[in-house]
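Heads up, the thing below is written out as structure tokens.
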Amino acid sequence: MIPFTYGFVGWVTNWLALKMTFYPIQFVGIPPYFGWQGIIPRKAHKMASKSVDVITERLLNIKEVFLKVDPKKAELVFLPALEPSIRYTMREFSDALDPKLWDMIPEVVREEIYHKVKRESGVTIRKVIRKLQKDIDSLFDVKALVLKKLSGKNVGLVVELFKEVGAPEFRFIERSGFYFGFLLGLVQMVFMIYYPLAWTLPIQGVIVGYLTNYLALEMIFRPLLPKKFLGIFTYQGLFLKRQSEVSRLYAKLVSEKILTPKNILSELIFGKASLDIISIIRKEVISHVDSVTFLAKPALFASGKMEEFDTAKQRIAVAMADNAVEKSFHLEEYLGEALEIKTMMGDRMSALPPKEFESILRSAFQEDELLLILVGAVLGAMVGWFQMVFIV
């Protein structure tokens with residue numbers, strides 16, 4: 001029964017080590033020392049920082065990404081959402097100068113004014129987008145967004161990210177525990193036949209628990225490049241062998257759960273640069289109003305209405321900027337298509353050198369690999385002790 005017992009020991013120790021890697025998400029027990037929190041949730045902020053470094057330094061150039069947005073196409077998507085606001089602000093502007101003025105203007109003339117304002121609004125949209133593209137590094141903090149989405153209350157997303165990216169490797173760790181345990185059990189069986197010393201069972205359990213975890217981790221990440229063994233078969237670390245597949249999946253998860261169009265727009269609109277962005281929009285709207293009303297300024301000046309004109313212009317700029325912010329999420333679908341984050345990240349990640357690629361998943365274990373292996377050793381010792389006391 002020893003090979004099967006040690007196969008079971010290997011499977012249980014690896015299974016439990018994996019569970020302790022991911023769960024519980026929050027600390028359970030009496031803080032700070034009596035209890036446990038999953039290794040990945042506990043190190044979520046540090047791992048998120050590493051992910052940020054990989055994403056921003058090797059996989060994604062945010063300026064290059066935003067240059068993919070076509071201002072003219074963005075105008076076609078966004079302008080229809082602003083049409084009600086354009087008509088409303090035109091009436092407001094007219095009433096600010098003279099409450100009777102708008103009703104005195106013929107319908108045909110009002111429509112002509114509307115279409116001119118609409119054309120100029122399109123120009124304003126394009127100018128704002130070009131301004132964002134030019135200054136995107138100072139207006140959009142991609143590192144802050146990724147950290148926010150992967151730490152704090154969002155640590156569950158870190159766990160999800162690692163679990164999905166490394167799913168086959170984690171299944172291998174679990175299953176390999178039985179295979180390695182069984183093989184080591186055959187050796188222990190021969191040992192027990194010739195040296196039936198019950199007190200050695202806990203020691204044997206330590207060896208099995210330690211080796212099954214150690215060998216599983218080594219086979220996932222080593223060798224970095226395909227290597228021929230015994231001149232017969234070629235082997236490469238399981239994770240490294242899946243570099244192309246993992247790259248596509250990682251890029252998909254990041255683009256769908258972290259750097260989504262909605263999250264990017266939210267960061268732009270409500271993040272630290274929100275006031276700067278609203279200021280840009282207001283400035284362009286004021287310029288737009290000046291352009292549309294250029295010919296009317298002499299008459300306004302002559303009638304003493306310039307002060308009312310300036311006040312109305314400022315009010316319209318505020319209203320249009322606020323409306324632009326409110327309606328900006330109409331750009332979500334187009335941004336998702338234009339930014340091509342998934343494609344860019346997937347291509348660049350596939351091309352990473354093996355050592356850099358390895359760190360993406362191994363960062364989940366790197367600092368606590370020894371702890372995981374020792375957990376296996378301790379659990380193996382407990383099973384060995386159980387055998388010694390209750391079976392032998």
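Labeling convention for the structure tokens: chains A, B, ... as they appear, residues from 1 per chain, ligands from 1 in order of appearance.
Residues in contact range of Phe4 of chain A, defined as at most 8 Å between only C-alpha atoms, with sequence neighbours fewer than 6 positions away removed, read A:Gly181, A:Phe182, A:Gly185.
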Per-residue nearest contacts of segment 84-180 of chain A to segment 23-43 of chain A (8 Å; only C-alpha atoms) as a Markdown table:
```
| residue | atom | partner | partner_atom | distance |
| --- | --- | --- | --- | --- |
| A:Val155 | CA | A:Pro41 | CA | 5.7 |
| A:Gly156 | CA | A:Ile25 | CA | 6.6 |
| A:Val158 | CA | A:Pro41 | CA | 7.2 |
| A:Val159 | CA | A:Ile40 | CA | 6.5 |
```
inquiry  = List as a ChimeraX atom specification the protein and nucleic acid residues near Leu60 of chain A, meaning an atom at most 12 Å away when only C-alpha atoms are counted, but skip any in the same chain fewer than 5 places from it.
reply    = /A:51-55,65-66,142-143,251,254-255,259,339-349
inquiry  = List as an NGL selection string the protein and nucleic acid residues near segment 74-84 of chain A, meaning an atom at most 6 Å away when only C-alpha atoms are counted, but skip any in the same chain fewer than 3 places from it.
reply    = :A and (71 or 87 or 122)
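Closest approach to Arg119 of chain A among A:Ile86, A:Leu145, A:Ile136, A:Glu369: A:Ile86, based on only C-alpha atoms.
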ask   = What's the 12 Å shell around Leu18 of chain A, counting only C-alpha atoms, without same-chain residues fewer than 6 positions away, as a VMD selection string?
value = chain A and resid 11 to 12 24 38 to 40 159 162 to 163 166 to 167 169 to 175 177 213 216 to 217 364 to 365 368 to 369 371 to 373 375 to 376
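With distances restricted to only C-alpha atoms, A:Tyr214 is the closest residue to Thr13 of chain A from A:Tyr114, A:Phe191, A:Tyr214, A:Phe386.
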Contacts of Phe221 of chain A at 7 Å (only C-alpha atoms; same-chain gap of 5+ positions) as a list in words = Gly237, Leu238, Phe239, Leu240 and Glu358 of chain A
Write out, as a PDB file, in the first residue's frame, the residues just selected, with N, CA and C atoms.
```pdb
ATOM      1  N   GLY A 237      10.002  23.613 -20.072  1.00  0.00           N
ATOM      2  CA  GLY A 237       9.061  23.944 -19.007  1.00  0.00           C
ATOM      3  C   GLY A 237       7.658  24.138 -19.558  1.00  0.00           C
ATOM      4  N   LEU A 238       6.666  23.555 -18.882  1.00  0.00           N
ATOM      5  CA  LEU A 238       5.295  23.555 -19.410  1.00  0.00           C
ATOM      6  C   LEU A 238       4.765  24.954 -19.683  1.00  0.00           C
ATOM      7  N   PHE A 239       5.070  25.885 -18.787  1.00  0.00           N
ATOM      8  CA  PHE A 239       4.573  27.250 -18.962  1.00  0.00           C
ATOM      9  C   PHE A 239       5.251  27.924 -20.149  1.00  0.00           C
ATOM     10  N   LEU A 240       6.560  27.711 -20.274  1.00  0.00           N
ATOM     11  CA  LEU A 240       7.304  28.321 -21.379  1.00  0.00           C
ATOM     12  C   LEU A 240       6.839  27.761 -22.718  1.00  0.00           C
ATOM     13  N   GLU A 358       8.733  34.014 -18.230  1.00  0.00           N
ATOM     14  CA  GLU A 358       8.567  33.140 -17.070  1.00  0.00           C
ATOM     15  C   GLU A 358       8.104  33.918 -15.843  1.00  0.00           C
TER      16      GLU A 358
END
```
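Contact shell of segment 199-203 of chain A at 6 Å (only C-alpha atoms; same-chain neighbours under 4 positions omitted): Ala381, Gly384 and Trp385 of chain A.
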